Amino acid sequence: MDSSFCRIATVAAHFQQERVVDFNTRGAKLKIAPKVSDAISRGLPVVALESTIISHGMPYPQNLETAIEVEKVVLDNGAVPATIAILNGVPCIGLSREELELLARLGTKVRKTARRDIPYIVATGGNGATTVSATMFFAAKVGIPVFVTGGIGGVHRHGESTLDISSDLTELGRTSVAVVSAGVKSILDIPRTLEYLETQGVTVAAYNTQEFPAFFVGSSGCQAPFRVDTPEACARLIDENMKLGMGSGILIGVPIPEAHAASGTLIELAIKRALEEARDKNIVGNAATPFLLARVNELTGGASLTANIALVKNNARVGAEIAVALASLRKES
């Protein structure tokens with residue numbers, strides 16, 4: 001038997017001993033890690049993290065190292081990390097070191113799980129690495145208002161013809177969670193993505209800049225609708241969005257650190273070539289982004305992976321600071 005699948009059995013036995021709770025009146029089950037559950041119940045800052053970046057975003061062992069380091073960044077900045085995934089059909093809010101390693105080793109054997117995939121993965125007892133949309137869904141269910149990712153999905157290039165639009169955008173339109181990201185992945189059509197977010201009623205703000213970031217580069221050339229300059233300003237925005245009952249999320253675009261944005265031009269050239277290759281090979285849908293990111297990493301000699309890791313850590317720092325500010329604001333009120 002594959003050693004990775006042996007680990008699944010070990011992990012399953014471990015968490016079946018923990019508290020598995022109902023998260024709605026229909027009796028659906030999920031597992032909340034004790035530290036995460038305690039923090040939520042006490043109103044302490046918690047930051048949700050996705051798991052697709054572990055299974056599909058980068059190779060082993062960088063994926064495991066990055067997952068551990070990102071959680072540490074969240075902790076070091078005063079918040080509790082809650083990486084989300086589905087293991088053996090049970091949605092898990094907060095993963096152990098062993099569970100993180102399981103996802104990292106299994107890699108693409110784990111199903112990339114968006115909102116539409118959740119019922120199937122749970123019903124079949126499968127393993128799912130949550131995308132932005134699925135992570136938002138579970139974060140909202142348990143009351144985690146801040147979620148950190150690398151970059152969100154969007155309208156794919158030529159999306160006006162293919163209608164290839166990420167479910168991340170519709171989730172932002174109907175789920176009240178603030179998403180902290182380095183903007184939209186630059187392999188996508190950023191102007192159309194921003195237009196679609198406006199249609200969905202999503203508040204979009206750039207952090208410490210007027211221009212909306214484009215993942216590997218600090219500026220997309222598109223003006224952000226709003227600007228926020230401090231964690232406290234972000235916290236007030238999130239708080240008012242929830243008090244007003246808007247029912248939609250907030251997207252906060254954080255530019256990649258300047259030291260890593262220098263390789264942006266090289267990466268953009270690689271993206272153009274990777275897009276041509278994807279089109280020639282007819283790679284579309286949810287297979288497109290993993291292919292493009294992996295190919296860009298090959299073409300840049302690893303520069304894009306280094307930049308990717310740097311921006312995720314930076315987002316984790318900013319997201320944790322926002323979560324801390326939001327928890328403090330709510331205690332004051």
# chains A, B, ... in the order shown; residues from 1 in each chain; ligands from 1

$ closest_atom_pairs --of "region 129-232 of chain A" --to "region 72-85 of chain A" --cutoff "8 Å" --atoms "only C-alpha atoms" --output "tab-separated table"
residue	atom	partner	partner_atom	distance
A:Ala129	CA	A:Ala85	CA	5.1
A:Thr130	CA	A:Ala85	CA	5.5
A:Thr135	CA	A:Ile84	CA	6.3
A:Phe138	CA	A:Ile84	CA	7.8

$ residues_around --residues "Glu69 (chain A)" --least-positions-apart "3" --cutoff "12 Å" --atoms "only C-alpha atoms" --output "ChimeraX atom specification"
/A:54,62-66,72-76,81,97,100,309-310,312-314,316-317

$ residues_around --residues "region 275-292 of chain A" --least-positions-apart "2" --cutoff "9 Å" --atoms "only C-alpha atoms" --output "compact mmCIF listing (two decimals) with N, CA and C atoms, in the first residue's frame"
# COMPACT_ATOMS: atom_id res chain seq x y z
N HIS A 56 -1.43 21.77 -4.67
CA HIS A 56 -1.32 22.07 -6.09
C HIS A 56 -0.46 23.30 -6.41
N GLY A 57 -0.10 24.08 -5.39
CA GLY A 57 0.55 25.35 -5.66
C GLY A 57 2.05 25.30 -5.84
N MET A 58 2.69 24.29 -5.25
CA MET A 58 4.15 24.19 -5.35
C MET A 58 4.57 22.77 -5.02
N LYS A 112 -8.55 19.02 -5.92
CA LYS A 112 -8.68 20.47 -5.80
C LYS A 112 -10.16 20.78 -5.64
N GLY A 153 -8.50 33.59 -7.88
CA GLY A 153 -8.79 33.32 -9.28
C GLY A 153 -9.58 34.48 -9.86
N ASP A 164 -14.98 31.21 -18.82
CA ASP A 164 -14.15 30.57 -17.80
C ASP A 164 -13.87 31.60 -16.71
N ILE A 165 -14.70 31.57 -15.68
CA ILE A 165 -14.64 32.53 -14.58
C ILE A 165 -14.56 31.76 -13.27
N SER A 166 -13.58 32.10 -12.46
CA SER A 166 -13.38 31.39 -11.20
C SER A 166 -14.55 31.56 -10.24
N LYS A 185 -4.09 36.71 -9.84
CA LYS A 185 -2.95 36.14 -10.55
C LYS A 185 -2.82 36.77 -11.93
N ILE A 187 -1.79 35.75 -14.62
CA ILE A 187 -2.10 34.90 -15.76
C ILE A 187 -3.54 35.12 -16.22
N ALA A 270 7.49 35.02 -19.07
CA ALA A 270 7.27 33.58 -18.94
C ALA A 270 5.77 33.26 -18.95
N ILE A 271 4.97 34.13 -18.35
CA ILE A 271 3.53 33.93 -18.33
C ILE A 271 2.96 33.94 -19.74
N LYS A 272 3.42 34.86 -20.56
CA LYS A 272 2.93 34.94 -21.95
C LYS A 272 3.23 33.64 -22.70
N ARG A 273 4.43 33.12 -22.51
CA ARG A 273 4.79 31.87 -23.18
C ARG A 273 3.97 30.70 -22.65
N ALA A 294 3.18 26.16 -12.62
CA ALA A 294 4.30 25.23 -12.69
C ALA A 294 5.20 25.53 -13.88
N ARG A 295 4.58 25.83 -15.03
CA ARG A 295 5.36 26.12 -16.23
C ARG A 295 6.13 27.43 -16.09
N VAL A 296 5.50 28.42 -15.50
CA VAL A 296 6.18 29.70 -15.28
C VAL A 296 7.37 29.51 -14.35
N ASN A 297 7.21 28.65 -13.34
CA ASN A 297 8.32 28.38 -12.44
C ASN A 297 9.49 27.74 -13.18

$ residues_around --residues "Ile322 (chain A)" --least-positions-apart "5" --cutoff "7 Å" --atoms "only C-alpha atoms" --output "tab-separated table (two decimals) with C-alpha atoms, in the first residue's frame"
chain	number	residue	atom	x	y	z
A	231	PRO	CA	-4.72	47.15	9.68
A	232	GLU	CA	-7.11	49.30	11.71
A	234	CYS	CA	-9.10	47.32	7.15
A	235	ALA	CA	-10.69	46.17	10.40

$ decode --residues "region 290-305 of chain A" --atoms "N, CA, C and O atoms" --output "short mmCIF file (atom, residue, chain, number, x, y, z; two decimals), in the first residue's frame"
data_model
loop_
_atom_site.label_atom_id
_atom_site.label_comp_id
_atom_site.auth_asym_id
_atom_site.auth_seq_id
_atom_site.Cartn_x
_atom_site.Cartn_y
_atom_site.Cartn_z
N PRO A 290 -2.85 25.55 -12.13
CA PRO A 290 -1.68 24.76 -11.70
C PRO A 290 -0.66 24.56 -12.82
O PRO A 290 0.55 24.63 -12.59
N PHE A 291 -1.14 24.31 -14.05
CA PHE A 291 -0.22 24.14 -15.17
C PHE A 291 0.58 25.41 -15.42
O PHE A 291 1.81 25.37 -15.58
N LEU A 292 -0.11 26.53 -15.45
CA LEU A 292 0.55 27.80 -15.76
C LEU A 292 1.59 28.17 -14.70
O LEU A 292 2.70 28.58 -15.02
N LEU A 293 1.22 28.01 -13.43
CA LEU A 293 2.16 28.36 -12.36
C LEU A 293 3.39 27.45 -12.38
O LEU A 293 4.52 27.91 -12.19
N ALA A 294 3.18 26.16 -12.62
CA ALA A 294 4.30 25.23 -12.69
C ALA A 294 5.20 25.53 -13.88
O ALA A 294 6.44 25.51 -13.78
N ARG A 295 4.58 25.83 -15.03
CA ARG A 295 5.36 26.12 -16.23
C ARG A 295 6.13 27.43 -16.09
O ARG A 295 7.30 27.53 -16.51
N VAL A 296 5.50 28.42 -15.50
CA VAL A 296 6.18 29.70 -15.28
C VAL A 296 7.37 29.51 -14.35
O VAL A 296 8.44 30.10 -14.55
N ASN A 297 7.21 28.65 -13.34
CA ASN A 297 8.32 28.38 -12.44
C ASN A 297 9.49 27.74 -13.18
O ASN A 297 10.66 28.09 -12.96
N GLU A 298 9.19 26.82 -14.10
CA GLU A 298 10.23 26.19 -14.92
C GLU A 298 10.94 27.23 -15.78
O GLU A 298 12.17 27.26 -15.87
N LEU A 299 10.15 28.07 -16.44
CA LEU A 299 10.71 29.05 -17.38
C LEU A 299 11.54 30.12 -16.69
O LEU A 299 12.44 30.70 -17.30
N THR A 300 11.25 30.39 -15.42
CA THR A 300 11.99 31.44 -14.70
C THR A 300 13.09 30.87 -13.81
O THR A 300 13.71 31.60 -13.04
N GLY A 301 13.32 29.58 -13.92
CA GLY A 301 14.37 28.97 -13.12
C GLY A 301 14.12 29.04 -11.64
O GLY A 301 15.05 29.13 -10.83
N GLY A 302 12.85 29.00 -11.26
CA GLY A 302 12.49 29.01 -9.84
C GLY A 302 12.21 30.38 -9.27
O GLY A 302 11.78 30.50 -8.11
N ALA A 303 12.41 31.44 -10.05
CA ALA A 303 12.20 32.80 -9.54
C ALA A 303 10.75 33.04 -9.16
O ALA A 303 10.45 33.72 -8.17
N SER A 304 9.82 32.47 -9.93
CA SER A 304 8.40 32.70 -9.64
C SER A 304 7.99 31.99 -8.35
O SER A 304 7.15 32.50 -7.60
N LEU A 305 8.57 30.81 -8.07
CA LEU A 305 8.25 30.11 -6.83
C LEU A 305 8.75 30.90 -5.63
O LEU A 305 8.05 31.05 -4.62
#
